[in-house]
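Okay, upload.cif is below, mmCIF, C-alpha atoms:
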```
data_entry
loop_
_atom_site.label_atom_id
_atom_site.label_comp_id
_atom_site.auth_asym_id
_atom_site.auth_seq_id
_atom_site.Cartn_x
_atom_site.Cartn_y
_atom_site.Cartn_z
CA MET O 1 -20.12 55.43 -16.11
CA THR O 2 -18.22 52.33 -14.98
CA GLU O 3 -16.00 50.93 -17.73
CA MET O 4 -14.11 47.67 -17.89
CA THR O 5 -10.48 47.60 -18.92
CA HIS O 6 -10.04 45.11 -21.76
CA PHE O 7 -7.18 42.60 -21.65
CA GLY O 8 -6.33 40.60 -24.74
CA ILE O 9 -3.80 38.51 -26.58
CA GLY O 10 -2.60 38.70 -30.16
CA ILE O 11 -2.56 35.36 -31.98
CA SER O 12 -1.03 34.12 -35.19
CA THR O 13 -2.77 33.96 -38.58
CA ALA O 14 -0.13 31.64 -40.05
CA VAL O 15 -1.55 28.62 -41.86
CA ASP O 16 1.26 26.40 -40.54
CA GLU O 17 0.46 27.32 -36.92
CA ILE O 18 -3.26 26.56 -36.92
CA GLU O 19 -3.26 23.77 -34.32
CA GLU O 20 -1.27 25.74 -31.75
CA THR O 21 -3.19 28.95 -32.45
CA LEU O 22 -6.58 27.32 -31.88
CA ARG O 23 -5.38 25.68 -28.69
CA LEU O 24 -4.03 28.98 -27.35
CA ALA O 25 -7.25 30.81 -28.23
CA VAL O 26 -9.32 28.30 -26.28
CA ARG O 27 -6.94 28.58 -23.32
CA ALA O 28 -7.16 32.38 -23.45
CA ASP O 29 -10.94 32.11 -23.26
CA ARG O 30 -10.86 29.69 -20.34
CA SER O 31 -8.31 31.90 -18.56
CA GLY O 32 -10.69 34.86 -18.58
CA LEU O 33 -9.14 37.16 -21.18
CA ASP O 34 -11.51 39.61 -22.83
CA LEU O 35 -10.15 39.66 -26.37
CA PHE O 36 -8.13 37.84 -28.95
CA THR O 37 -6.88 39.71 -32.00
CA VAL O 38 -5.81 38.66 -35.48
CA SER O 39 -4.26 40.71 -38.27
CA ASP O 40 -5.77 41.12 -41.74
CA HIS O 41 -3.39 40.55 -44.66
CA PRO O 42 -5.43 38.76 -47.35
CA TYR O 43 -2.74 39.25 -50.00
CA TYR O 44 -0.42 36.76 -48.28
CA GLY O 45 -1.10 33.13 -49.17
CA ALA O 46 0.52 31.80 -46.00
CA ARG O 47 -1.98 33.70 -43.81
CA LEU O 48 -5.53 32.73 -42.89
CA ASP O 49 -8.40 35.01 -43.84
CA ALA O 50 -8.91 37.10 -40.74
CA TYR O 51 -12.69 36.93 -40.56
CA ALA O 52 -12.82 33.21 -41.34
CA GLN O 53 -10.37 32.62 -38.50
CA LEU O 54 -12.21 34.95 -36.14
CA GLY O 55 -15.56 33.27 -36.79
CA PHE O 56 -14.11 29.78 -36.35
CA ILE O 57 -12.53 30.72 -33.02
CA LEU O 58 -15.69 32.42 -31.76
CA GLY O 59 -17.48 29.14 -32.46
CA ARG O 60 -14.99 27.24 -30.30
CA THR O 61 -15.04 29.65 -27.36
CA GLU O 62 -17.61 30.90 -24.87
CA SER O 63 -16.73 34.30 -23.44
CA ILE O 64 -13.80 35.90 -25.23
CA ALA O 65 -14.43 38.50 -27.94
CA GLY O 66 -12.68 38.70 -31.31
CA LEU O 67 -11.06 41.69 -32.99
CA VAL O 68 -9.50 41.96 -36.43
CA SER O 69 -6.75 44.46 -35.71
CA VAL O 70 -7.27 46.09 -38.05
CA THR O 71 -9.60 45.27 -40.93
CA ASN O 72 -8.03 45.83 -44.32
CA LEU O 73 -10.86 48.11 -45.42
CA PRO O 74 -9.85 48.56 -49.09
CA SER O 75 -10.37 44.82 -49.65
CA ARG O 76 -13.65 44.57 -47.68
CA PRO O 77 -16.42 46.90 -48.96
CA ALA O 78 -18.27 48.55 -46.08
CA PRO O 79 -21.79 47.17 -46.76
CA MET O 80 -20.52 43.58 -46.85
CA LEU O 81 -18.20 44.19 -43.91
CA SER O 82 -21.22 45.36 -41.94
CA ARG O 83 -23.08 42.15 -42.82
CA THR O 84 -20.10 40.05 -41.77
CA VAL O 85 -19.65 41.79 -38.43
CA THR O 86 -23.33 41.91 -37.49
CA SER O 87 -23.71 38.23 -38.41
CA LEU O 88 -20.75 37.27 -36.24
CA SER O 89 -22.15 39.43 -33.45
CA ALA O 90 -25.52 37.68 -33.64
CA LEU O 91 -23.94 34.21 -33.78
CA SER O 92 -21.55 34.86 -30.88
CA GLY O 93 -23.79 36.83 -28.55
CA GLY O 94 -22.07 40.14 -29.24
CA ARG O 95 -18.50 38.92 -28.80
CA ILE O 96 -16.91 41.07 -31.49
CA VAL O 97 -15.20 44.42 -31.87
CA LEU O 98 -14.75 45.94 -35.32
CA GLY O 99 -11.20 47.09 -35.94
CA MET O 100 -10.86 49.51 -38.86
CA GLY O 101 -7.83 50.75 -40.79
CA VAL O 102 -7.28 53.12 -43.68
CA GLY O 103 -5.02 50.67 -45.52
CA GLY O 104 -1.27 50.92 -45.53
CA LEU O 105 0.45 48.35 -47.73
CA TRP O 106 -0.98 49.60 -51.00
CA ASP O 107 1.50 47.75 -53.20
CA GLU O 108 0.20 44.53 -51.66
CA ILE O 109 -3.45 45.60 -51.50
CA THR O 110 -3.59 46.37 -55.21
CA ARG O 111 -2.51 42.78 -55.98
CA LEU O 112 -6.06 41.87 -54.97
CA GLY O 113 -7.38 43.98 -57.83
CA THR O 114 -8.36 46.80 -55.50
CA GLN O 115 -8.03 50.35 -56.76
CA ARG O 116 -5.23 52.33 -55.15
CA LEU O 117 -6.41 55.39 -53.25
CA GLY O 118 -4.36 58.44 -52.39
CA ALA O 119 -3.84 59.28 -48.74
CA GLY O 120 -6.64 61.83 -48.53
CA ALA O 121 -9.14 59.67 -50.41
CA ALA O 122 -8.29 56.64 -48.28
CA VAL O 123 -9.10 58.55 -45.10
CA ARG O 124 -12.37 59.86 -46.54
CA ALA O 125 -13.33 56.31 -47.53
CA PHE O 126 -12.39 55.10 -44.03
CA GLU O 127 -14.64 57.64 -42.28
CA GLU O 128 -17.47 57.01 -44.73
CA ALA O 129 -17.19 53.26 -44.18
CA ILE O 130 -17.43 53.53 -40.40
CA THR O 131 -20.50 55.74 -40.72
CA LEU O 132 -22.18 53.31 -43.13
CA VAL O 133 -21.33 50.22 -41.10
CA LYS O 134 -23.03 51.77 -38.09
CA LEU O 135 -26.08 52.81 -40.13
CA LEU O 136 -26.46 49.24 -41.35
CA SER O 137 -26.50 47.81 -37.80
CA GLY O 138 -29.14 47.62 -35.10
CA GLY O 139 -32.31 47.53 -37.16
CA GLY O 140 -34.46 50.47 -38.15
CA GLU O 141 -35.67 51.88 -41.44
CA PRO O 142 -34.03 51.04 -44.79
CA VAL O 143 -30.87 53.01 -45.42
CA THR O 144 -30.12 55.08 -48.48
CA PHE O 145 -26.58 56.41 -48.47
CA GLU O 146 -25.01 58.50 -51.22
CA GLY O 147 -21.35 58.86 -50.38
CA GLU O 148 -18.21 59.55 -52.32
CA PHE O 149 -17.12 55.91 -52.11
CA TYR O 150 -20.21 53.95 -51.02
CA GLN O 151 -23.78 54.07 -52.24
CA VAL O 152 -26.65 51.92 -51.00
CA THR O 153 -30.34 52.32 -51.81
CA GLY O 154 -33.14 51.26 -49.49
CA LEU O 155 -30.95 48.64 -47.81
CA GLU O 156 -32.42 47.02 -44.72
CA PRO O 157 -30.09 47.24 -41.70
CA ALA O 158 -29.11 44.07 -39.89
CA ALA O 159 -31.10 43.40 -36.73
CA ALA O 160 -27.94 42.81 -34.70
CA ALA O 161 -26.55 45.74 -32.75
CA ALA O 162 -23.51 47.62 -33.99
CA ALA O 163 -20.15 46.39 -32.73
CA PRO O 164 -17.82 48.92 -31.11
CA VAL O 165 -15.44 50.35 -33.72
CA TRP O 166 -11.76 50.72 -32.83
CA THR O 167 -9.34 52.20 -35.33
CA GLY O 168 -5.64 51.95 -35.97
CA SER O 169 -5.35 55.59 -37.08
CA VAL O 170 -1.90 57.13 -37.41
CA GLY O 171 -1.99 60.33 -39.51
CA PRO O 172 -3.74 63.54 -38.39
CA LYS O 173 -6.66 63.18 -40.82
CA SER O 174 -7.46 59.62 -39.81
CA LEU O 175 -7.01 60.51 -36.14
CA ALA O 176 -9.58 63.28 -36.56
CA ALA O 177 -11.93 60.82 -38.27
CA THR O 178 -11.53 58.52 -35.26
CA GLY O 179 -12.60 61.36 -33.01
CA ARG O 180 -15.68 62.05 -35.10
CA VAL O 181 -17.04 58.54 -35.66
CA ALA O 182 -15.16 55.74 -33.83
CA ASP O 183 -15.43 54.26 -30.35
CA GLY O 184 -11.80 53.41 -29.67
CA TRP O 185 -8.25 53.89 -30.89
CA ILE O 186 -5.28 51.53 -31.02
CA PRO O 187 -2.09 53.64 -31.35
CA GLY O 188 0.02 52.54 -34.30
CA HIS O 189 3.50 51.05 -34.21
CA ALA O 190 2.87 49.59 -30.73
CA ALA O 191 3.09 53.05 -29.20
CA ASP O 192 2.31 53.06 -25.50
CA TRP O 193 1.08 55.57 -22.92
CA LEU O 194 4.54 57.14 -22.43
CA SER O 195 5.37 57.49 -26.13
CA PRO O 196 5.59 60.78 -28.06
CA ARG O 197 3.25 59.24 -30.66
CA TYR O 198 0.51 58.88 -28.06
CA ARG O 199 1.04 62.34 -26.57
CA GLU O 200 0.95 64.00 -29.98
CA SER O 201 -1.90 61.94 -31.44
CA ARG O 202 -4.50 61.66 -28.72
CA PRO O 203 -5.22 65.43 -28.59
CA VAL O 204 -6.12 65.33 -32.30
CA ILE O 205 -8.78 62.70 -31.55
CA ASP O 206 -10.09 64.61 -28.55
CA GLU O 207 -10.36 67.92 -30.39
CA ALA O 208 -12.18 66.33 -33.34
CA ALA O 209 -14.59 64.56 -31.00
CA ALA O 210 -15.39 67.74 -29.09
CA ALA O 211 -15.90 69.65 -32.35
CA VAL O 212 -18.85 67.39 -33.27
CA GLY O 213 -20.32 67.32 -29.77
CA ARG O 214 -18.87 63.99 -28.64
CA SER O 215 -17.16 63.38 -25.31
CA PRO O 216 -13.50 62.45 -25.82
CA GLU O 217 -13.83 60.15 -22.81
CA ASP O 218 -16.16 57.93 -24.83
CA ILE O 219 -13.29 57.00 -27.17
CA ALA O 220 -11.20 54.27 -25.57
CA THR O 221 -7.45 53.96 -26.00
CA VAL O 222 -6.38 50.32 -26.32
CA TYR O 223 -2.71 49.45 -26.63
CA ASN O 224 -0.95 46.69 -28.56
CA ILE O 225 2.03 45.91 -26.34
CA PRO O 226 4.75 43.43 -27.35
CA GLY O 227 7.19 42.35 -24.70
CA VAL O 228 8.81 39.44 -22.95
CA ILE O 229 7.45 38.12 -19.63
CA THR O 230 10.43 36.85 -17.69
CA GLU O 231 10.70 34.55 -14.70
CA THR O 232 12.90 37.03 -12.85
CA PRO O 233 12.97 40.86 -12.93
CA LEU O 234 14.88 42.69 -15.65
CA ALA O 235 17.41 45.38 -14.75
CA THR O 236 15.57 47.77 -17.09
CA THR O 237 12.10 47.46 -18.55
CA ARG O 238 12.48 50.11 -21.29
CA ASP O 239 15.14 50.71 -23.92
CA ALA O 240 17.12 53.91 -24.48
CA GLU O 241 14.27 55.35 -26.57
CA GLY O 242 11.70 54.59 -23.89
CA ARG O 243 10.03 51.63 -25.61
CA TRP O 244 8.66 48.94 -23.28
CA LEU O 245 10.75 45.73 -23.35
CA GLY O 246 8.96 43.68 -20.72
CA GLY O 247 9.96 42.21 -17.40
CA SER O 248 8.75 39.92 -14.65
CA VAL O 249 5.14 39.42 -13.63
CA ALA O 250 5.59 42.01 -10.88
CA GLN O 251 7.17 44.51 -13.26
CA TRP O 252 4.38 44.09 -15.81
CA THR O 253 1.77 44.41 -13.06
CA GLU O 254 3.25 47.65 -11.77
CA GLU O 255 3.57 49.14 -15.25
CA LEU O 256 0.05 48.27 -16.39
CA THR O 257 -1.54 49.37 -13.14
CA GLY O 258 0.03 52.78 -13.70
CA ALA O 259 -1.07 52.81 -17.34
CA ILE O 260 -4.70 52.37 -16.26
CA LEU O 261 -4.83 54.49 -13.12
CA GLU O 262 -2.47 57.29 -14.17
CA HIS O 263 -2.82 57.37 -17.95
CA GLY O 264 -6.38 56.17 -18.54
CA ALA O 265 -5.59 53.08 -20.61
CA SER O 266 -8.81 51.31 -21.56
CA GLY O 267 -7.24 48.11 -22.79
CA ILE O 268 -3.99 46.19 -23.19
CA ILE O 269 -3.43 43.55 -25.87
CA HIS O 270 -0.26 41.57 -25.31
CA PHE O 271 1.90 40.18 -28.11
CA PRO O 272 4.43 37.64 -26.81
CA VAL O 273 7.99 37.99 -28.08
CA GLY O 274 11.29 36.30 -27.39
CA ASP O 275 12.16 32.66 -26.81
CA THR O 276 9.68 31.94 -24.02
CA PRO O 277 7.25 29.19 -25.13
CA LEU O 278 3.84 30.64 -26.02
CA ASP O 279 2.08 28.45 -23.44
CA VAL O 280 4.31 29.89 -20.73
CA SER O 281 3.85 33.47 -21.92
CA LEU O 282 0.08 33.08 -22.13
CA GLY O 283 -0.05 31.52 -18.67
CA ARG O 284 1.95 34.34 -17.11
CA TRP O 285 -0.12 36.95 -18.93
CA ALA O 286 -3.64 35.59 -18.50
CA GLU O 287 -3.32 33.80 -15.18
CA GLU O 288 -0.89 36.01 -13.26
CA ILE O 289 -0.48 39.53 -14.66
CA VAL O 290 -4.06 40.24 -15.76
CA PRO O 291 -5.70 39.08 -12.48
CA ALA O 292 -3.16 41.12 -10.49
CA VAL O 293 -3.81 44.27 -12.55
CA ARG O 294 -7.56 43.80 -12.31
CA ALA O 295 -7.28 43.46 -8.55
CA ALA O 296 -5.15 46.59 -8.32
CA THR O 297 -7.34 48.75 -10.54
CA GLY O 298 -10.91 47.52 -10.18
CA PRO O 299 -13.68 49.10 -12.29
CA ARG O 300 -12.80 52.46 -13.78
CA THR O 301 -15.19 55.38 -13.67
CA ALA O 302 -15.11 57.09 -17.07
#
```
Starting from the coordinates I provided, produce the structure as structure tokens.
Amino acid sequence: MTEMTHFGIGISTAVDEIEETLRLAVRADRSGLDLFTVSDHPYYGARLDAYAQLGFILGRTESIAGLVSVTNLPSRPAPMLSRTVTSLSALSGGRIVLGMGVGGLWDEITRLGTQRLGAGAAVRAFEEAITLVKLLSGGGEPVTFEGEFYQVTGLEPAAAAAAPVWTGSVGPKSLAATGRVADGWIPGHAADWLSPRYRESRPVIDEAAAAVGRSPEDIATVYNIPGVITETPLATTRDAEGRWLGGSVAQWTEELTGAILEHGASGIIHFPVGDTPLDVSLGRWAEEIVPAVRAATGPRTA
């Protein structure tokens, strides 16, 4: 099966950066990027609602897909989340990926009036939600679902097809859930293909997938990668602990080409850092690095 490598950009959800954020999202679309991502922190008043922002941007763009990385599941009940995502998929021509998270900042989440869940319960709710969201997508017979956390009775699925589900799983239980029911994984804490976190976590996903008869190769690994894109090469592109710092266009191109061809990366989402103006960073990323990596790697055979 031939599979495209996804290249994206992370954009701000800050209310006081709306004008620049919208302009950058449109430029990312016109520059040929595959994805834009926004975070989901509805308990912060200075942030935009992630799905409102995603829908607005999809309406202003033509080709780029949107991803909430990752959906704050405790504040968005699975049946309604499914309706939101399938509606956006129908309106945008399928330009959406569903990012799912267990929920981490519980002190903040409970300010919304949401019940706090323990770690084990949160993971069970997460897996149940992904299962239900998929059942309520793509048409078919009415769904009755009697779960521990979600119950629906004779609910008609949306006609729109299910969006791919990528998770931000970190712990072993949520990693195993990703292997059983998800379509992709974004390693937490901006871990990359050379990190211990990736090497220790990915086998958990693969083993869980195989245990339920799924092919581990069908679960993409998509990386959130912060870093500076410099005009000239850096003397070192990684710090003493091995974390990627960035570098020139050529250094980024070499690193990402290796990530795809040697380590099987299915996607790279860049988060600009440092003092470089965002327009400059986006231009170097979307118009220089990404085309060079695409040329060097071509379609991947999964």
- request: Starting from the shown file, work through the PyMOL selection byres ((chain O and resi 88) around 12) and note down what comes out as a count of residues only.
  value: 34
Using all atoms listed in the file, find each residue of range 9-95 of chain O with at least one atom at most 9 Å away from an atom of range 164-174 of chain O; report its shortest atom-to-atom pair and that distance in Å (one decimal), sort the rows by chain and rising residue number, and return the result as a tab-separated table.
```
residue	atom	partner	partner_atom	distance
O:Ser69	CA	O:Gly168	CA	7.6
O:Val70	CA	O:Gly168	CA	6.4
O:Thr71	CA	O:Thr167	CA	8.9
```
Those selected residues, please, written with C-alpha atoms and delivered as a compact mmCIF listing (two decimals), keeping the file's coordinate frame.
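The file below, result37.txt, is the result:
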```
# COMPACT_ATOMS: atom_id res chain seq x y z
CA SER O 69 -6.75 44.46 -35.71
CA VAL O 70 -7.27 46.09 -38.05
CA THR O 71 -9.60 45.27 -40.93
```
message: Neighbouring residues of range 191-205 of chain O were defined as those with any atom within 7 Å, considering only C-alpha atoms; residues of the same chain fewer than 5 positions away were excluded. Please report them as a PyMOL selection string.
response: chain O and resi 172+175-176+178-179+223+259+263
Residue members of the PyMOL selection byres ((chain O and resi 215) around 12) in the file shown, as a VMD selection string: chain O and resid 179 to 183 205 to 214 216 to 220 302
field: Ground truth for the PyMOL selection byres ((chain O and resi 30-32) around 8), written as a ChimeraX atom specification
entry: /O:26-29,33-34,63-64,286-287
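Here the question is which of O:Leu48, O:Leu261, O:Ala159, O:Val222 gets nearest to Gly140 in chain O using all atoms listed in the file, and that residue is O:Ala159.
Shortest atom-to-atom contact with Thr253 in chain O among O:Val68, O:Ala119, O:Ile289, O:Leu22: O:Ile289, counting only C-alpha atoms.
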